[in-house]
Each structure stands twice: as structure tokens, then as C-alpha cells.
>>> print(open('protein.tsv').read())   # TSV, C-alpha atoms
chain	number	residue	atom	x	y	z
A	1	MET	CA	-9.51	-20.40	20.10
A	2	PRO	CA	-7.80	-23.81	19.84
A	3	GLY	CA	-9.78	-24.95	22.91
A	4	VAL	CA	-13.07	-24.03	21.27
A	5	LEU	CA	-12.12	-25.83	18.06
A	6	ALA	CA	-10.91	-28.89	19.98
A	7	SER	CA	-14.22	-29.07	21.84
A	8	MET	CA	-15.92	-29.26	18.45
A	9	GLY	CA	-13.67	-32.11	17.34
A	10	VAL	CA	-11.52	-29.95	15.05
A	11	LYS	CA	-7.76	-30.43	14.99
A	12	LEU	CA	-5.49	-27.82	13.43
A	13	ILE	CA	-2.43	-29.23	11.69
A	14	SER	CA	0.60	-27.59	10.14
A	15	ALA	CA	2.47	-28.77	7.09
A	16	LYS	CA	5.69	-27.28	8.51
A	17	GLU	CA	5.52	-28.01	12.24
A	18	ASP	CA	4.16	-31.06	14.00
A	19	PHE	CA	4.60	-30.64	17.73
A	20	GLY	CA	2.49	-33.62	18.61
A	21	GLU	CA	0.07	-33.60	21.54
A	22	GLY	CA	0.30	-32.68	25.20
A	23	TYR	CA	1.57	-29.81	27.31
A	24	MET	CA	5.06	-29.78	25.73
A	25	ALA	CA	3.50	-29.56	22.26
A	26	ASP	CA	1.35	-26.66	23.49
A	27	ALA	CA	4.45	-24.95	24.90
A	28	MET	CA	6.39	-25.36	21.65
A	29	GLU	CA	3.44	-24.01	19.68
A	30	ALA	CA	3.24	-20.98	21.98
A	31	VAL	CA	6.98	-20.30	21.61
A	32	THR	CA	6.69	-20.59	17.83
A	33	ASP	CA	3.75	-18.16	17.81
A	34	ILE	CA	5.73	-15.66	19.89
A	35	MET	CA	8.78	-15.92	17.62
A	36	ASN	CA	6.57	-15.46	14.55
A	37	GLU	CA	5.14	-12.30	16.12
A	38	VAL	CA	8.66	-11.02	16.85
A	39	GLN	CA	9.71	-11.66	13.25
A	40	VAL	CA	6.65	-9.84	11.90
A	41	ARG	CA	7.39	-6.82	14.10
A	42	GLN	CA	11.06	-6.83	13.09
A	43	SER	CA	10.09	-6.90	9.42
A	44	GLY	CA	7.67	-4.01	9.99
A	45	GLU	CA	10.38	-1.93	11.68
A	46	ASP	CA	12.84	-2.76	8.90
A	47	ILE	CA	10.38	-1.72	6.19
A	48	LYS	CA	9.52	1.47	8.09
A	49	GLN	CA	13.22	2.41	8.34
A	50	LYS	CA	13.80	1.67	4.64
A	51	LEU	CA	10.81	3.81	3.57
A	52	LEU	CA	11.94	6.64	5.87
A	53	ASN	CA	15.44	6.49	4.39
A	54	LYS	CA	14.01	6.45	0.87
A	55	ALA	CA	11.90	9.54	1.63
A	56	LYS	CA	14.86	11.36	3.21
A	57	HIS	CA	16.84	10.85	0.00
A	58	GLY	CA	14.08	12.20	-2.24
A	59	GLY	CA	12.38	8.95	-3.22
A	60	THR	CA	8.66	8.37	-3.27
A	61	VAL	CA	7.09	5.84	-0.94
A	62	SER	CA	3.68	5.44	-2.57
A	63	ARG	CA	1.96	5.32	-5.92
A	64	ALA	CA	1.53	8.57	-7.82
A	65	LYS	CA	-1.71	10.50	-7.35
A	66	LEU	CA	-4.19	11.13	-10.17
A	67	GLY	CA	-2.66	13.42	-12.80
A	68	TYR	CA	0.87	12.26	-12.01
A	69	MET	CA	2.80	9.10	-12.81
A	70	ASN	CA	5.61	7.08	-11.31
A	71	ALA	CA	8.77	7.55	-13.34
A	72	ARG	CA	12.41	6.45	-13.39
A	73	VAL	CA	14.83	9.22	-14.22
A	74	GLU	CA	18.61	9.40	-14.34
A	75	PHE	CA	20.11	11.67	-11.68
A	76	ASP	CA	23.85	11.96	-11.06
A	77	GLY	CA	24.44	8.87	-13.19
A	78	ARG	CA	21.92	6.74	-11.26
A	79	LEU	CA	18.34	5.74	-11.98
A	80	ILE	CA	15.94	6.93	-9.29
A	81	ASN	CA	12.21	6.45	-8.82
A	82	THR	CA	10.23	9.69	-8.71
A	83	ILE	CA	6.90	11.23	-9.70
A	84	SER	CA	6.30	13.32	-12.79
A	85	VAL	CA	3.30	15.00	-14.40
A	86	ASP	CA	1.21	12.62	-16.50
A	87	GLU	CA	1.14	14.60	-19.75
A	88	ARG	CA	-1.83	12.61	-21.07
A	89	ARG	CA	-4.10	12.83	-18.01
A	90	ALA	CA	-3.05	16.13	-16.40
A	91	PRO	CA	-5.12	18.28	-18.81
A	92	LEU	CA	-8.17	16.13	-18.04
A	93	ILE	CA	-7.74	16.68	-14.30
A	94	GLN	CA	-7.29	20.43	-14.78
A	95	TRP	CA	-10.35	20.59	-17.00
A	96	ALA	CA	-12.46	18.51	-14.61
A	97	PHE	CA	-11.70	20.73	-11.62
A	98	GLY	CA	-12.02	23.88	-13.70
A	99	SER	CA	-15.43	22.88	-15.00
A	100	MET	CA	-16.94	22.17	-11.58
A	101	ARG	CA	-20.05	24.27	-11.04
A	102	PRO	CA	-19.53	27.34	-8.87
A	103	MET	CA	-21.43	27.25	-5.56
A	104	ASN	CA	-24.01	29.83	-6.81
A	105	THR	CA	-25.02	27.83	-9.91
A	106	PRO	CA	-28.58	26.45	-9.68
A	107	CYS	CA	-28.90	22.73	-9.08
A	108	GLY	CA	-31.04	22.26	-12.18
A	109	SER	CA	-28.29	23.34	-14.58
A	110	SER	CA	-26.58	20.64	-16.56
A	111	PRO	CA	-23.27	19.25	-15.24
A	112	PRO	CA	-20.15	19.35	-17.43
A	113	SER	CA	-19.98	16.59	-20.04
A	114	TRP	CA	-16.81	14.94	-18.77
A	115	ALA	CA	-17.44	11.71	-20.65
A	116	THR	CA	-17.22	13.39	-24.05
A	117	TRP	CA	-14.09	15.46	-23.36
A	118	GLY	CA	-11.02	14.37	-25.20
A	119	SER	CA	-12.79	11.96	-27.53
>>> encode(input="protein.tsv", output="C-alpha cells")
Amino acid sequence: MPGVLASMGVKLISAKEDFGEGYMADAMEAVTDIMNEVQVRQSGEDIKQKLLNKAKHGGTVSRAKLGYMNARVEFDGRLINTISVDERRAPLIQWAFGSMRPMNTPCGSSPPSWATWGS
């Protein structure tokens, strides 16, 4: 890609690293790119291990699904992150799934009025 840009008269510059011009500059840039890639992979492995450890100890590694909420509760004298039922939205989810038309209901029948529920 840098060769294509250079042929068009474009020069990429970095605010952090100025390697200059020539084959040594190209070599230093390549080494820097490789080390950046290594650091990104190391960070990814570190994050993966931390999330795995969190899951093994009962923590949650993502946002709560619809009808639930992320919560902080005290357990054995420590605050932990967990998921609990969203008391305000859970009845809406139950109602919405309960009011879905059965498969044998004709298509022309009116759908449930979800927008007016709870108001």
C-alpha cells in the first residue's frame, strides 16, 4: 500500500515516529509494525484470559439481555457484578411473548397492541 500511495505523490507521516527515508527507515517501520501487531495480540490474549477467569468465578462477561439488567450485589462481603431480573421490563417481555399469535391464527387478525400496554 505505501508503494501505491508514494506513486501518487502521497507521503504518510507519523506524529510519534519519524524514521526518515531510505531502506533503513523502511526496515524500522516494518519492525515497528510487527511489534505493534505482537502487542495487539498480547492484549487480546490477556483480555481473553481475564474474561475467562471472570466467567469461571461467576461474573458476567457481557451486557444483560432484554428483560434483565446488570447489577452489583454484595456477596461474601465483596461487591460483584451480576445479572438480575429487570422488575420494570420483565412483565413487558413476558406479555409480549405470551401475546404472540398462535401459528393457526389467520393472518388478517389484528396483532397485539404492544404500544398501548403499560401506559
>>> residues_around(input="protein.tsv", residues="A:Thr82", least_positions_apart="3", cutoff="8 Å", atoms="all atoms listed in the file", output="list of chain:residue names")
A:Gly58, A:Gly59, A:Thr60, A:Asn70, A:Ala71, A:Arg72, A:Val73
>>> write_last_selection(input="protein.tsv", atoms="C-alpha atoms", output="PDB file, in the frame of the given file")
ATOM      1  CA  GLY A  58      14.080  12.200  -2.240  1.00  0.00           C
ATOM      2  CA  GLY A  59      12.380   8.950  -3.220  1.00  0.00           C
ATOM      3  CA  THR A  60       8.660   8.370  -3.270  1.00  0.00           C
ATOM      4  CA  ASN A  70       5.610   7.080 -11.310  1.00  0.00           C
ATOM      5  CA  ALA A  71       8.770   7.550 -13.340  1.00  0.00           C
ATOM      6  CA  ARG A  72      12.410   6.450 -13.390  1.00  0.00           C
ATOM      7  CA  VAL A  73      14.830   9.220 -14.220  1.00  0.00           C
TER       8      VAL A  73
END
>>> closest_residue(input="protein.tsv", among="A:Ser84, A:Met100, A:Pro91, A:Gly3", to="A:Asp26", atoms="all atoms listed in the file")
A:Gly3
>>> atom_distance(input="protein.tsv", atom1="atom CA of A:Lys65", atom2="atom CA of A:Asn81")
14.6 Å
>>> atom_distance(input="protein.tsv", atom1="atom CA of A:Asn53", atom2="atom CA of A:Glu74")
19.2 Å
>>> closest_residue(input="protein.tsv", among="A:Leu51, A:Val40, A:Val85, A:Ala15", to="A:Tyr68", atoms="only C-alpha atoms")
A:Val85
>>> axis_aligned_box(input="protein.tsv", around="stretch 42-45 of chain A", padding_each_side="4 Å", output="lines of an AutoDock Vina configuration file")
center_x = 9.4
center_y = -4.4
center_z = 11.3
size_x = 11.4
size_y = 13.0
size_z = 11.7
>>> atom_distance(input="protein.tsv", atom1="atom CA of A:Ala55", atom2="atom CA of A:Met69")
17.1 Å
>>> closest_residue(input="protein.tsv", among="A:Lys48, A:Lys54, A:Ala30, A:Arg41", to="A:Ile80", atoms="only C-alpha atoms")
A:Lys54
>>> closest_residue(input="protein.tsv", among="A:Gly67, A:Ala25, A:Gly77, A:Ile34", to="A:Arg89", atoms="all atoms listed in the file")
A:Gly67
>>> build_atoms(input="protein.tsv", residues="stretch 77-88 of chain A", atoms="all heavy atoms", output="PDB file, in the coordinates of the input")
ATOM      1  N   GLY A  77      23.976  10.145 -12.674  1.00  0.00           N
ATOM      2  CA  GLY A  77      24.440   8.870 -13.190  1.00  0.00           C
ATOM      3  C   GLY A  77      23.731   7.658 -12.633  1.00  0.00           C
ATOM      4  O   GLY A  77      24.125   6.524 -12.900  1.00  0.00           O
ATOM      5  N   ARG A  78      22.676   7.865 -11.826  1.00  0.00           N
ATOM      6  CA  ARG A  78      21.920   6.740 -11.260  1.00  0.00           C
ATOM      7  C   ARG A  78      20.450   6.866 -11.625  1.00  0.00           C
ATOM      8  O   ARG A  78      19.937   7.969 -11.775  1.00  0.00           O
ATOM      9  CB  ARG A  78      22.019   6.740  -9.721  1.00  0.00           C
ATOM     10  CG  ARG A  78      23.395   6.597  -9.180  1.00  0.00           C
ATOM     11  CD  ARG A  78      23.415   6.563  -7.668  1.00  0.00           C
ATOM     12  NE  ARG A  78      22.608   7.622  -7.092  1.00  0.00           N
ATOM     13  CZ  ARG A  78      21.983   7.532  -5.917  1.00  0.00           C
ATOM     14  NH1 ARG A  78      22.047   6.435  -5.220  1.00  0.00           N
ATOM     15  NH2 ARG A  78      21.287   8.541  -5.447  1.00  0.00           N
ATOM     16  N   LEU A  79      19.787   5.736 -11.752  1.00  0.00           N
ATOM     17  CA  LEU A  79      18.340   5.740 -11.980  1.00  0.00           C
ATOM     18  C   LEU A  79      17.647   5.854 -10.625  1.00  0.00           C
ATOM     19  O   LEU A  79      17.958   5.109  -9.689  1.00  0.00           O
ATOM     20  CB  LEU A  79      17.893   4.463 -12.665  1.00  0.00           C
ATOM     21  CG  LEU A  79      18.086   4.390 -14.172  1.00  0.00           C
ATOM     22  CD1 LEU A  79      17.652   3.035 -14.702  1.00  0.00           C
ATOM     23  CD2 LEU A  79      17.312   5.485 -14.873  1.00  0.00           C
ATOM     24  N   ILE A  80      16.708   6.799 -10.520  1.00  0.00           N
ATOM     25  CA  ILE A  80      15.940   6.930  -9.290  1.00  0.00           C
ATOM     26  C   ILE A  80      14.459   6.895  -9.625  1.00  0.00           C
ATOM     27  O   ILE A  80      14.046   7.255 -10.720  1.00  0.00           O
ATOM     28  CB  ILE A  80      16.270   8.235  -8.524  1.00  0.00           C
ATOM     29  CG1 ILE A  80      15.949   9.476  -9.373  1.00  0.00           C
ATOM     30  CG2 ILE A  80      17.702   8.261  -8.054  1.00  0.00           C
ATOM     31  CD1 ILE A  80      15.952  10.756  -8.600  1.00  0.00           C
ATOM     32  N   ASN A  81      13.656   6.448  -8.673  1.00  0.00           N
ATOM     33  CA  ASN A  81      12.210   6.450  -8.820  1.00  0.00           C
ATOM     34  C   ASN A  81      11.684   7.792  -8.315  1.00  0.00           C
ATOM     35  O   ASN A  81      12.072   8.255  -7.247  1.00  0.00           O
ATOM     36  CB  ASN A  81      11.575   5.324  -8.005  1.00  0.00           C
ATOM     37  CG  ASN A  81      11.963   3.974  -8.530  1.00  0.00           C
ATOM     38  OD1 ASN A  81      12.155   3.801  -9.722  1.00  0.00           O
ATOM     39  ND2 ASN A  81      12.078   3.003  -7.661  1.00  0.00           N
ATOM     40  N   THR A  82      10.795   8.406  -9.081  1.00  0.00           N
ATOM     41  CA  THR A  82      10.230   9.690  -8.710  1.00  0.00           C
ATOM     42  C   THR A  82       8.825   9.809  -9.296  1.00  0.00           C
ATOM     43  O   THR A  82       8.310   8.841  -9.853  1.00  0.00           O
ATOM     44  CB  THR A  82      11.133  10.850  -9.184  1.00  0.00           C
ATOM     45  OG1 THR A  82      10.641  12.075  -8.644  1.00  0.00           O
ATOM     46  CG2 THR A  82      11.206  10.922 -10.694  1.00  0.00           C
ATOM     47  N   ILE A  83       8.228  10.972  -9.151  1.00  0.00           N
ATOM     48  CA  ILE A  83       6.900  11.230  -9.700  1.00  0.00           C
ATOM     49  C   ILE A  83       6.993  12.377 -10.672  1.00  0.00           C
ATOM     50  O   ILE A  83       7.687  13.358 -10.412  1.00  0.00           O
ATOM     51  CB  ILE A  83       5.900  11.554  -8.560  1.00  0.00           C
ATOM     52  CG1 ILE A  83       5.704  10.308  -7.699  1.00  0.00           C
ATOM     53  CG2 ILE A  83       4.577  12.040  -9.112  1.00  0.00           C
ATOM     54  CD1 ILE A  83       4.814  10.513  -6.510  1.00  0.00           C
ATOM     55  N   SER A  84       6.319  12.250 -11.803  1.00  0.00           N
ATOM     56  CA  SER A  84       6.300  13.320 -12.790  1.00  0.00           C
ATOM     57  C   SER A  84       4.853  13.556 -13.232  1.00  0.00           C
ATOM     58  O   SER A  84       3.968  12.752 -12.951  1.00  0.00           O
ATOM     59  CB  SER A  84       7.168  12.960 -13.998  1.00  0.00           C
ATOM     60  OG  SER A  84       6.649  11.833 -14.648  1.00  0.00           O
ATOM     61  N   VAL A  85       4.635  14.670 -13.905  1.00  0.00           N
ATOM     62  CA  VAL A  85       3.300  15.000 -14.400  1.00  0.00           C
ATOM     63  C   VAL A  85       2.933  14.026 -15.506  1.00  0.00           C
ATOM     64  O   VAL A  85       3.732  13.740 -16.397  1.00  0.00           O
ATOM     65  CB  VAL A  85       3.254  16.455 -14.918  1.00  0.00           C
ATOM     66  CG1 VAL A  85       1.926  16.767 -15.580  1.00  0.00           C
ATOM     67  CG2 VAL A  85       3.541  17.431 -13.787  1.00  0.00           C
ATOM     68  N   ASP A  86       1.721  13.499 -15.449  1.00  0.00           N
ATOM     69  CA  ASP A  86       1.210  12.620 -16.500  1.00  0.00           C
ATOM     70  C   ASP A  86       0.673  13.515 -17.616  1.00  0.00           C
ATOM     71  O   ASP A  86      -0.406  14.082 -17.495  1.00  0.00           O
ATOM     72  CB  ASP A  86       0.098  11.727 -15.932  1.00  0.00           C
ATOM     73  CG  ASP A  86      -0.411  10.710 -16.934  1.00  0.00           C
ATOM     74  OD1 ASP A  86      -0.158  10.862 -18.145  1.00  0.00           O
ATOM     75  OD2 ASP A  86      -1.087   9.756 -16.507  1.00  0.00           O
ATOM     76  N   GLU A  87       1.465  13.657 -18.658  1.00  0.00           N
ATOM     77  CA  GLU A  87       1.140  14.600 -19.750  1.00  0.00           C
ATOM     78  C   GLU A  87      -0.188  14.264 -20.422  1.00  0.00           C
ATOM     79  O   GLU A  87      -0.851  15.146 -20.950  1.00  0.00           O
ATOM     80  CB  GLU A  87       2.261  14.629 -20.777  1.00  0.00           C
ATOM     81  CG  GLU A  87       3.596  15.079 -20.225  1.00  0.00           C
ATOM     82  CD  GLU A  87       3.580  16.509 -19.701  1.00  0.00           C
ATOM     83  OE1 GLU A  87       2.747  17.313 -20.154  1.00  0.00           O
ATOM     84  OE2 GLU A  87       4.410  16.816 -18.819  1.00  0.00           O
ATOM     85  N   ARG A  88      -0.582  13.012 -20.406  1.00  0.00           N
ATOM     86  CA  ARG A  88      -1.830  12.610 -21.070  1.00  0.00           C
ATOM     87  C   ARG A  88      -3.048  12.895 -20.200  1.00  0.00           C
ATOM     88  O   ARG A  88      -4.082  13.325 -20.694  1.00  0.00           O
ATOM     89  CB  ARG A  88      -1.761  11.120 -21.405  1.00  0.00           C
ATOM     90  CG  ARG A  88      -2.898  10.632 -22.274  1.00  0.00           C
ATOM     91  CD  ARG A  88      -2.663   9.217 -22.738  1.00  0.00           C
ATOM     92  NE  ARG A  88      -2.656   8.274 -21.643  1.00  0.00           N
ATOM     93  CZ  ARG A  88      -3.695   7.505 -21.312  1.00  0.00           C
ATOM     94  NH1 ARG A  88      -4.811   7.579 -21.998  1.00  0.00           N
ATOM     95  NH2 ARG A  88      -3.614   6.653 -20.311  1.00  0.00           N
TER      96      ARG A  88
END
